[in-house]
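**Q** Input: one structure, supplied below.
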Amino acid sequence: MNPQKMFLYGAIVLAGLAGPFIFPNNQVQMTELWLFIVFALTWDLVGGQMGYNSFGNVVFFGIGMYACAVVQIGLVYDVGEYTAAKGGGTAFIFDLAQYIWGFAIGLPVAAMLAALAACVLGSLVLGMRGHYFAICTLGLGIAAGEIAAGWDWIGAGSGMTPAPPPHDIDNVNRLFYYMAFALAVATFATIAWLLRTRFGLAINAIRDDEDKAEAMGMFTTRIKVTAWVIAATFLGAAGGIYGNLKRFIDPLDTAFSGATIGVWMVLMAILGGKGTLWGPVIGAIVFQVTKELFWTYLLGWQRVALGVLIVVIVVFFPEGIVGRVRQMFPERFGPRADAREGAE
Amino acid sequence: MTALLEVDGTSKRFGGVVANDAISLTVPEGAIVGLIGPNGSGKTTLFNSIVGYHPIDAGSIRFRSREISALRVPQIARLGLLRTFQQTRIYGGLNCVQNLLISRSTRREPFRQLFTLQGARGRERAEELLEFVGLYEKRNLLAGDLSFGQQKLLEFAMALMSEPDMLMLDEPTAGINPTLINGLIDRLKRANAEFGITLFVIEHNMRVIMNLAEHIYCLAHGELLAEGKPADIQGDPRVIDAYLGAH
Amino acid sequence: MGGRGSGGGDGGRVRGHGSGGVDAVMSVDDVSREASRIADGRLPVTALDALAGDAPFLSIDHLRAGYGRMEVLHDFSLRAGKGQSLCLIGPNGAGKSTVLHSIFGFTDIFEGTISVGGRDVTGLSSSNKLASAGIAYILQDNSVFPDMTVEENLWMGGYLKAKPDAARAAAENVFEKYPRLAERRRQPARVLSGGERRLLEISRALVMDPEVLLVDEPSIGLEPRYIDMVFEILGDLQRKDGKTIIMVEQNAKKGLEFADLGYVLVSGDLVKAASGDDLLDDRDVGRLFLGG
Amino acid sequence: MPRRGWRRMNNIELLFSSPAIAGGLLIDGILFGSIFALIAYGLALVWGVMNIINVTQGEFVILGGFAAVVMADNGFHPLLAVPVAALVLYVLGRLLYRTIIHRIVDRDLFTSLLATFGISIVLQQLMNIVFGGDPRNADAGLGVWFAFDYSIVLSKVKLLAFVLAIVVGAALVVFLKMSRLGQAIRATAQNARAARVVGIDTNRVYEATFALNAAICGAAGALAATAYTIHPYIGLPYTVRSFMIVIIAGLGNIGGVLAAGLGLGAAEYYAGFILGAEFQIAFVFGLLVVVLLARSWWLGRKRRYLK
Amino acid sequence: MFRVMKFAAAAVIATGAMAGTQAFAADDVITLGAAVSLSGKYSTNGEHTQRGYDLAVQVINERGGVQVGDTTYMLEIKYYDDESTATRGAELAERLIQQDGVNFLLGPYSSGLTKAIAPVTEQHGVPMVEGNGASRSLFTSGYRYLFAVLSTSEQYLASAIDLAAERAADLGKAPNELTVALAFENDPFSQDVRAGVVEDAQRHGMQIVIDDKLPKELNDMATTLTRVRALQPDLLVVSGHARGAATAIRQIQEMRVDVPMLAMTHCDSAKIIKEFGDAAEYTLCASQWAPTLTYQDDLFGSAADYAALFEKTYDYAPPYQAAESSAAVMTFVDAFQRAGTLDRAAVRDALAATDMQTFYGNIRFDETGKNIAKPMVLYQVQNGAYVVVAPSEWAAADPVLPRPGWADR
């Protein structure tokens, strides 16, 4: 790593750490932004780098969200009773230790369950090619949501309230912020490293020509499932944080929200530049800012604007911001100028 | 010479159409063997059957005496039996060096080896092979930006990078400038002689196949029509009738 | 570098499907480099006019064209007279197919004009090329309608005709001439072998009845006897029906033997233009493009 | 959940306790499915010819429905709205093609999914702004037929939708086979470049195809508004079911689309009856996944996934 | 790469800068914040809610505003569109409080949205008065800053069940022989209503024979109705916001389902009389409020006056969602005046001490924040109008029971 890059990464980490103190009023939006970066990065690993456009990654997000909430609650109370009270009942109080342990166990469980789901589902559906995969994942996402909405133990359609934070923590959102920040950094670092390994080349090869990769002796299904599992792991943890951040899990609107977060993660990756390391990060930032501006200034028309934005991005700007920059400055940012070059 | 690949009475049907009918042939270790035949005579079907693209209906296929007809594509490839494609296939979004790096043989390595960084040795070998096929100067270009002929050469280099025991080439010279064909023949011969790779080649260009192969099989209508030395095949009236056309 | 094939015989001409030596080893770049060296300098358009018999039917003037922002052809001009055939040769990536694509409207044209029979057709979309300018294109890759029968495929060639009967009659003519297709007239085109498919594609041009026929690699991937059949049809089209044919052929020898005119392209520039026979006899062309 | 499981057993028992229930449900399901079949025709056409998965199907349907509601509000018979809605949507289809769709025809399916998703959001919102979010209904006043002492009740509007689905299907087959445009559409679907080469203006074929699809959806929507209730956000169920039908039936197989549509309607009703209404949609999507998995397993077994 | 990063950093800073601009109220304006559903599945009721708020603000401002201590303030509402999704609602509440500096929140539409927003307002200590979140669980979570002017969900259809028990004889049965079919949308509100109905039915010993959850993308309930027809329950209870009501009325008519009693919620917000005419006849409808009630206040006058003003302004009769929204604004105003300050905690305490009569009904909160001073009413559609049939003190007519069968109409 050259000093320039080191300085850069250092600056970002410092900015991330200082964020809530500089913009205390935007803490929740910044938390969301870090999570969005995780969404876009993990989507891009499979969709952009490997060429498997999934509309179903939200499944892992939702699984993680429910898993984390269930663990947090289940460590202390009976989950069925808790959900039957529909998030109400002053009897369900968590003290600081219970709350912290809930996270300490809940987040890893969320990540692992999501990974497990990716492993099982992946071995089934990753054998499909192209748009059949996209449609199948779309179906998976919606089916998962509907099943969650029918499952009484986790609150069914009435939703589920994650463990209420104890009053000892006076700014629980700050806790969520740093968890999201840490997760985003971990995700970025992991994916940046992956792209420098043979694995990175392998998933790129699958994107470019899967038949060829197989013919060259690559066990493509195993590689594809691995990539999906890695994406799901981070996404599951992100779901765990997101559910707590929102403090209310609706099965269709929050957890398995294919029409919002499920599509947004794709859009962010495309907007920033599919198949690049920095694209999803930049895409997430631009998207979050744009979205917030729409909601503020286009009351009642913001969804129209969002729809138009989707069309414009997809139709007129498919190469994304990073892609456009590469086209404009091929010497500086050309296809070779990505992270992998440092790998020799 | 021991037989490296033995195809024994394989048949393949698609719907009602018989693509291969009880074909038997042998490719000895270290040899260059040709496969010719009119369009639709079942050459590519035979190739696909050997490398595992579709199950065969009857017969057996053995590689190093091991039955491979039930194996899947990557498993067969990892035994050291590789093929190239008629419509050239390369990884268009990667540059030439990367194309070769990812083609490096991992036959004896575990899955977790995928999670290691690339070593300098792999890169050295990749550059050597690019030099060998004459693409060294293009090594940092995206493979998708190469011309068709260059992509063919790259695909060949990728195959070599994988250090196969046997390489099956599907029309290696189709769409290549005639002058370059000579170069390609030379490289194929050198690959055979220097790297010890057994070659099995489908080819339409008679000049190429006559120069290259030691032994030629000729298919027609899914059946084995003739086999023999190039000179014999060229003079075989059945082959001339079915393939070269009398004029 | 740059040796001559031992199988070559009379003055660089190689005939038949004979054997060749393997001592000619040349890289793509070397061919391009050598080819630029043999260029006649900038060819005056008047020279092209003269070749076309001073009565050009199809003319391209100072064309700059390519795909997206990439420019493949730089200031390219071409002239072909009515009923003439012209073969474009050159190394891979020289822009031969791009010329055909440009004429048919598959490329982005930045500058220059293309006209047929005196009419400017530069801006016409590819869908209208046949209807408005009588230009037909035989693609390099598969261009039959797989789920239609052979018969229907031929009829589709007459899609633009006012009366479907005219197309049917033309199709009958084709069947009479090529019993191989007639045998299969009621089968879907997808069951045809590669050679039969090529035959169908080219004979469909007979039904289309265009003024100008663009042919991309007529012999690619074909076994020898189909190659001859294909050139036979093309010969019919040119000599009997008086079509103007512009062709790209990798098998340069075959192409030049067939064509009245030959153009040599290197990296998007025209470096040589002459009659087909003259090019066949040209030592440099022979060395660079005809193979040893 | 023993109680629920027990309930489901009871539901199965109930279902087969009387032929009127099983039969009535079957008929209702089939009639329900016929509207989906109509929409699926259009999707199959657009998907097959243009290689575009149009997520806007449902919104086209709802727009057609609002056309019927508006006409009913103004005193016209809502069934008059069937041709009117078709016409309105035809124009909208052309408009959308010229502004947006023509730019994505050559791109991958994924692009078309996303782009049409964007369009569908815009249409939903515009409908919400123009027509309001109320659930609406256009009563055709056709009444019902009934048999066996009301145990089988047949809405005439639904029956009409069913008949129309079959008529439109048949007309489509004839149109594709016989008419010049139909020929051009088939040719373009099979090989667009070749179609251009024989002089077919593929751009116009695409435009006509897309508009035709919108028109079919509009007609289906007018029927849906008379047979069911509509509101701006209810398009998605129509979209996904048409998806599902096309995937089961395959492209370019209109008889199959009809059969799959009717079958899906019936299967869904039985599932809803037995599992409870809350799992009806889960069932549809579960089925989608299962169908795709079966397809992929079948192809994989034959190892026929080589492109 | 460095340049890309600089760009990213700039974008981050830009976000903060833009989002940080605070829309502070001018000195003499009190800004109330509200995230309502202007789009999405609740947009119908979201609009009723918004109009209820707007009408109250308009009338109050016309009357000279709010006197707090020595200052007179005008009211103003800062709206966002929550798109009928819980997630978005919570984000917007956060935004109203953190970035827009709003100190008082009005509730969104629906229990689900209120559930999502309540933890946010609670955490920031921002008082919220809501008129559209009826779920009982909202008031068992110990929220101190949440106040609801409406009756909670378990009361919605209690009077319908009581009515059935009372009038069981008319149906030819004893109360404990009655069978009940339930079809409730799978969302927090409807499921809470269901819980109340189940309790009431069990109290009377009634037997529940169908208990379906309807999906959220609700436009067809034929499978449920087929079972209703097969099992012939005495009472069918449906709840699923406006769409549920519309779908049920439509399909009950079309499938000619005969049940002696049909009770549902959201009849008026679905405009079932206007949309379905005769098909809506004899339906029992739970309502928080009715224009025929005898409540009054100084601002709007009687319930009927409010209804007239609303209809004059918006061209349709006010559904109760609008009325309770207006009442929510009045509750805030009352609390501001009594508190004499705009301090959040003081206003919260004033709210807790509310005891007032409005056109909408009496408002007095218990310690959990729900209104315990106002009962639900039950309408029946009779001759194309809503007629109050229970509770008896306001009943304008006797309920028609059992509903005449379709064959007899």
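Residue numbers start at 1 in each chain; chains themselves are named A, B, ... in the order of the structure tokens; ligands are numbered from 1 in the order shown.
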Could the residues of chain C that have an atom at most 8 Å from chain D be listed as a Markdown table, each with its closest atom pair and the distance in Å to one decimal, counting only C-alpha atoms and ordered by chain and ascending residue number?
**A**
| residue | atom | partner | partner_atom | distance |
| --- | --- | --- | --- | --- |
| C:Ser126 | CA | D:Arg196 | CA | 6.4 |
| C:Ser127 | CA | D:Asp201 | CA | 4.4 |
| C:Asn128 | CA | D:Gly199 | CA | 6.2 |
| C:Lys129 | CA | D:Gly199 | CA | 6.9 |
| C:Leu130 | CA | D:Gly199 | CA | 5.2 |
| C:Ala131 | CA | D:Gly199 | CA | 5.9 |
| C:Ala136 | CA | D:Val197 | CA | 6.2 |
| C:Tyr137 | CA | D:Val197 | CA | 5.8 |
| C:Ile138 | CA | D:Val197 | CA | 7.4 |
| C:Leu139 | CA | D:Ala194 | CA | 7.8 |
| C:Ser143 | CA | D:Ala194 | CA | 4.8 |
| C:Val144 | CA | D:Ala194 | CA | 6.5 |
| C:Phe145 | CA | D:Gln190 | CA | 5.5 |
| C:Pro146 | CA | D:Gln190 | CA | 6.5 |
| C:Asp147 | CA | D:Gln190 | CA | 7.0 |
| C:Met156 | CA | D:Val198 | CA | 6.8 |
| C:Gly157 | CA | D:Val198 | CA | 5.3 |
| C:Gly158 | CA | D:Val198 | CA | 7.5 |
| C:Tyr159 | CA | D:Val198 | CA | 6.7 |
| C:Leu160 | CA | D:Gly199 | CA | 6.4 |
| C:Met208 | CA | D:Val198 | CA | 7.0 |
**Q** Output N, CA, C and O atoms for every residue in that selection, as a PDB file, in the first residue's frame.
**A**
ATOM      1  N   SER C 126     -30.955   0.280 -40.714  1.00  0.00           N
ATOM      2  CA  SER C 126     -30.723  -1.017 -41.343  1.00  0.00           C
ATOM      3  C   SER C 126     -32.028  -1.675 -41.781  1.00  0.00           C
ATOM      4  O   SER C 126     -32.086  -2.380 -42.778  1.00  0.00           O
ATOM      5  N   SER C 127     -33.091  -1.417 -41.006  1.00  0.00           N
ATOM      6  CA  SER C 127     -34.368  -2.024 -41.361  1.00  0.00           C
ATOM      7  C   SER C 127     -34.878  -1.528 -42.714  1.00  0.00           C
ATOM      8  O   SER C 127     -35.660  -2.204 -43.366  1.00  0.00           O
ATOM      9  N   ASN C 128     -34.463  -0.326 -43.084  1.00  0.00           N
ATOM     10  CA  ASN C 128     -34.981   0.249 -44.322  1.00  0.00           C
ATOM     11  C   ASN C 128     -34.041   0.086 -45.501  1.00  0.00           C
ATOM     12  O   ASN C 128     -34.363   0.512 -46.601  1.00  0.00           O
ATOM     13  N   LYS C 129     -32.885  -0.527 -45.260  1.00  0.00           N
ATOM     14  CA  LYS C 129     -31.886  -0.589 -46.325  1.00  0.00           C
ATOM     15  C   LYS C 129     -32.386  -1.386 -47.512  1.00  0.00           C
ATOM     16  O   LYS C 129     -32.197  -0.986 -48.666  1.00  0.00           O
ATOM     17  N   LEU C 130     -33.065  -2.484 -47.237  1.00  0.00           N
ATOM     18  CA  LEU C 130     -33.539  -3.304 -48.338  1.00  0.00           C
ATOM     19  C   LEU C 130     -34.726  -2.631 -49.019  1.00  0.00           C
ATOM     20  O   LEU C 130     -34.793  -2.540 -50.245  1.00  0.00           O
ATOM     21  N   ALA C 131     -35.630  -2.119 -48.213  1.00  0.00           N
ATOM     22  CA  ALA C 131     -36.841  -1.524 -48.762  1.00  0.00           C
ATOM     23  C   ALA C 131     -36.522  -0.289 -49.599  1.00  0.00           C
ATOM     24  O   ALA C 131     -37.017  -0.135 -50.710  1.00  0.00           O
ATOM     25  N   ALA C 136     -29.054  -5.804 -49.670  1.00  0.00           N
ATOM     26  CA  ALA C 136     -29.274  -6.989 -48.848  1.00  0.00           C
ATOM     27  C   ALA C 136     -27.959  -7.410 -48.220  1.00  0.00           C
ATOM     28  O   ALA C 136     -26.879  -7.143 -48.760  1.00  0.00           O
ATOM     29  N   TYR C 137     -28.070  -8.049 -47.075  1.00  0.00           N
ATOM     30  CA  TYR C 137     -26.875  -8.400 -46.316  1.00  0.00           C
ATOM     31  C   TYR C 137     -26.950  -9.880 -45.969  1.00  0.00           C
ATOM     32  O   TYR C 137     -27.952 -10.345 -45.443  1.00  0.00           O
ATOM     33  N   ILE C 138     -25.903 -10.608 -46.263  1.00  0.00           N
ATOM     34  CA  ILE C 138     -25.841 -11.988 -45.786  1.00  0.00           C
ATOM     35  C   ILE C 138     -24.832 -12.013 -44.655  1.00  0.00           C
ATOM     36  O   ILE C 138     -23.638 -11.797 -44.850  1.00  0.00           O
ATOM     37  N   LEU C 139     -25.356 -12.223 -43.461  1.00  0.00           N
ATOM     38  CA  LEU C 139     -24.526 -12.093 -42.264  1.00  0.00           C
ATOM     39  C   LEU C 139     -23.512 -13.218 -42.171  1.00  0.00           C
ATOM     40  O   LEU C 139     -23.693 -14.295 -42.733  1.00  0.00           O
ATOM     41  N   SER C 143     -28.224 -16.622 -39.708  1.00  0.00           N
ATOM     42  CA  SER C 143     -29.305 -15.657 -39.886  1.00  0.00           C
ATOM     43  C   SER C 143     -30.557 -16.295 -40.468  1.00  0.00           C
ATOM     44  O   SER C 143     -31.293 -15.649 -41.193  1.00  0.00           O
ATOM     45  N   VAL C 144     -30.806 -17.550 -40.155  1.00  0.00           N
ATOM     46  CA  VAL C 144     -32.084 -18.134 -40.561  1.00  0.00           C
ATOM     47  C   VAL C 144     -33.071 -17.976 -39.399  1.00  0.00           C
ATOM     48  O   VAL C 144     -32.688 -17.642 -38.283  1.00  0.00           O
ATOM     49  N   PHE C 145     -34.346 -18.182 -39.689  1.00  0.00           N
ATOM     50  CA  PHE C 145     -35.355 -18.171 -38.634  1.00  0.00           C
ATOM     51  C   PHE C 145     -35.562 -19.619 -38.196  1.00  0.00           C
ATOM     52  O   PHE C 145     -36.185 -20.396 -38.914  1.00  0.00           O
ATOM     53  N   PRO C 146     -35.029 -19.986 -37.052  1.00  0.00           N
ATOM     54  CA  PRO C 146     -34.908 -21.406 -36.723  1.00  0.00           C
ATOM     55  C   PRO C 146     -36.242 -22.158 -36.644  1.00  0.00           C
ATOM     56  O   PRO C 146     -36.298 -23.332 -36.995  1.00  0.00           O
ATOM     57  N   ASP C 147     -37.297 -21.470 -36.184  1.00  0.00           N
ATOM     58  CA  ASP C 147     -38.552 -22.191 -36.009  1.00  0.00           C
ATOM     59  C   ASP C 147     -39.469 -22.099 -37.209  1.00  0.00           C
ATOM     60  O   ASP C 147     -40.598 -22.577 -37.177  1.00  0.00           O
ATOM     61  N   MET C 156     -39.847 -15.420 -46.373  1.00  0.00           N
ATOM     62  CA  MET C 156     -39.529 -14.201 -45.619  1.00  0.00           C
ATOM     63  C   MET C 156     -38.593 -13.304 -46.421  1.00  0.00           C
ATOM     64  O   MET C 156     -38.579 -12.093 -46.236  1.00  0.00           O
ATOM     65  N   GLY C 157     -37.783 -13.923 -47.291  1.00  0.00           N
ATOM     66  CA  GLY C 157     -36.910 -13.129 -48.152  1.00  0.00           C
ATOM     67  C   GLY C 157     -37.722 -12.162 -49.007  1.00  0.00           C
ATOM     68  O   GLY C 157     -37.240 -11.101 -49.401  1.00  0.00           O
ATOM     69  N   GLY C 158     -38.968 -12.548 -49.287  1.00  0.00           N
ATOM     70  CA  GLY C 158     -39.820 -11.679 -50.092  1.00  0.00           C
ATOM     71  C   GLY C 158     -40.766 -10.849 -49.266  1.00  0.00           C
ATOM     72  O   GLY C 158     -41.802 -10.406 -49.745  1.00  0.00           O
ATOM     73  N   TYR C 159     -40.393 -10.619 -48.000  1.00  0.00           N
ATOM     74  CA  TYR C 159     -41.280  -9.908 -47.080  1.00  0.00           C
ATOM     75  C   TYR C 159     -41.704  -8.547 -47.620  1.00  0.00           C
ATOM     76  O   TYR C 159     -42.825  -8.106 -47.426  1.00  0.00           O
ATOM     77  N   LEU C 160     -40.781  -7.915 -48.334  1.00  0.00           N
ATOM     78  CA  LEU C 160     -41.089  -6.555 -48.772  1.00  0.00           C
ATOM     79  C   LEU C 160     -41.893  -6.520 -50.068  1.00  0.00           C
ATOM     80  O   LEU C 160     -42.369  -5.476 -50.479  1.00  0.00           O
ATOM     81  N   MET C 208     -34.896 -12.254 -52.215  1.00  0.00           N
ATOM     82  CA  MET C 208     -34.942 -10.838 -51.828  1.00  0.00           C
ATOM     83  C   MET C 208     -34.778  -9.934 -53.036  1.00  0.00           C
ATOM     84  O   MET C 208     -35.298  -8.831 -53.065  1.00  0.00           O
TER      85      MET C 208
END
**Q** Write out as a ChimeraX atom specification the set of residues from segment 82-195 of chain C that DSSP, computed on the backbone, places in helix (DSSP H, G or I).
**A** /C:96-104,126-133,150-157,164-177,179-183,189-191,194-195
**Q** Taking into account only C-alpha atoms, which residue in the set A:Phe55, A:Trp295, A:Phe60, A:Phe103 is nearest to chain D?
**A**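 Selected residue with least distance to chain D: A:Phe55.
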**Q** Pull the closest atom pair for each residue of chain A that gets at most 12 Å from chain B, along with the distance in Å to one decimal, counting only C-alpha atoms, ordering rows by chain and then ascending residue number, as a Markdown table.
**A**
| residue | atom | partner | partner_atom | distance |
| --- | --- | --- | --- | --- |
| A:Gly48 | CA | B:Gly93 | CA | 11.5 |
| A:Gln49 | CA | B:Gly93 | CA | 10.1 |
| A:Met50 | CA | B:Gly93 | CA | 11.1 |
| A:Gly51 | CA | B:Gly93 | CA | 11.1 |
| A:Thr190 | CA | B:Phe115 | CA | 11.3 |
| A:Ile191 | CA | B:Phe115 | CA | 11.6 |
| A:Ala192 | CA | B:Leu117 | CA | 11.9 |
| A:Trp193 | CA | B:Leu117 | CA | 8.8 |
| A:Leu194 | CA | B:Phe115 | CA | 7.1 |
| A:Leu195 | CA | B:Leu117 | CA | 9.3 |
| A:Arg196 | CA | B:Leu117 | CA | 6.2 |
| A:Thr197 | CA | B:Leu117 | CA | 4.3 |
| A:Arg198 | CA | B:Leu114 | CA | 5.0 |
| A:Phe199 | CA | B:Leu114 | CA | 4.9 |
| A:Gly200 | CA | B:Phe115 | CA | 8.5 |
| A:Leu201 | CA | B:Ile102 | CA | 6.2 |
| A:Ala202 | CA | B:Ile102 | CA | 6.4 |
| A:Ile203 | CA | B:Ile102 | CA | 9.9 |
| A:Asn204 | CA | B:Leu94 | CA | 7.5 |
| A:Ala205 | CA | B:Tyr91 | CA | 5.6 |
| A:Ile206 | CA | B:Tyr91 | CA | 8.2 |
| A:Arg207 | CA | B:Tyr91 | CA | 8.1 |
| A:Asp208 | CA | B:Tyr91 | CA | 4.9 |
| A:Asp209 | CA | B:Tyr91 | CA | 5.9 |
| A:Glu210 | CA | B:Tyr91 | CA | 9.0 |
| A:Asp211 | CA | B:Arg89 | CA | 8.6 |
| A:Lys212 | CA | B:Arg89 | CA | 6.3 |
| A:Ala213 | CA | B:Ser103 | CA | 8.3 |
| A:Glu214 | CA | B:Pro74 | CA | 5.0 |
| A:Ala215 | CA | B:Pro74 | CA | 5.8 |
| A:Met216 | CA | B:Ala77 | CA | 5.8 |
| A:Gly217 | CA | B:Pro74 | CA | 4.0 |
| A:Met218 | CA | B:Pro74 | CA | 5.6 |
| A:Phe219 | CA | B:Pro74 | CA | 5.9 |
| A:Thr220 | CA | B:Pro74 | CA | 8.2 |
| A:Thr221 | CA | B:Pro74 | CA | 10.3 |
| A:Arg222 | CA | B:Phe111 | CA | 9.0 |
| A:Ile223 | CA | B:Phe111 | CA | 8.9 |
| A:Thr226 | CA | B:Phe111 | CA | 10.6 |
| A:Ala227 | CA | B:Phe115 | CA | 11.6 |
| A:Gly275 | CA | B:Gly93 | CA | 9.9 |
| A:Thr276 | CA | B:Gly93 | CA | 11.7 |
| A:Gly334 | CA | B:Leu141 | CA | 10.4 |
| A:Pro335 | CA | B:Leu142 | CA | 7.9 |
| A:Arg336 | CA | B:Asn140 | CA | 7.7 |
| A:Ala337 | CA | B:Asn140 | CA | 11.1 |
| A:Asp338 | CA | B:Leu94 | CA | 11.6 |
| A:Arg340 | CA | B:Leu117 | CA | 9.6 |
| A:Glu341 | CA | B:Gln98 | CA | 10.2 |
| A:Gly342 | CA | B:Leu117 | CA | 10.2 |
| A:Ala343 | CA | B:Leu117 | CA | 6.5 |
| A:Glu344 | CA | B:Ala120 | CA | 6.0 |
**Q** So which residues touch segment 28-41 of chain A within 7 Å, counting only C-alpha atoms, skipping near sequence neighbours fewer than 6 positions away, as a count of residues only?
**A** 18
**Q** Give the answer as one residue: which of A:Arg174, A:Leu298, A:Ala11, A:Ile241 has the shortest atom-to-atom distance to Pro24 of chain A, using only C-alpha atoms?
**A**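 Counting only C-alpha atoms, the residue closest to Pro24 of chain A is A:Arg174.
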**Q** Enumerate as number ranges by chain all residues of segment 50-231 of chain C assigned to strand (DSSP E or B) by DSSP on the backbone, naming them with the chain letters and numbers the document uses.
**A** C: 56-67, 70-81, 85-89, 108-116, 119-120, 135-138, 149, 188, 212-216
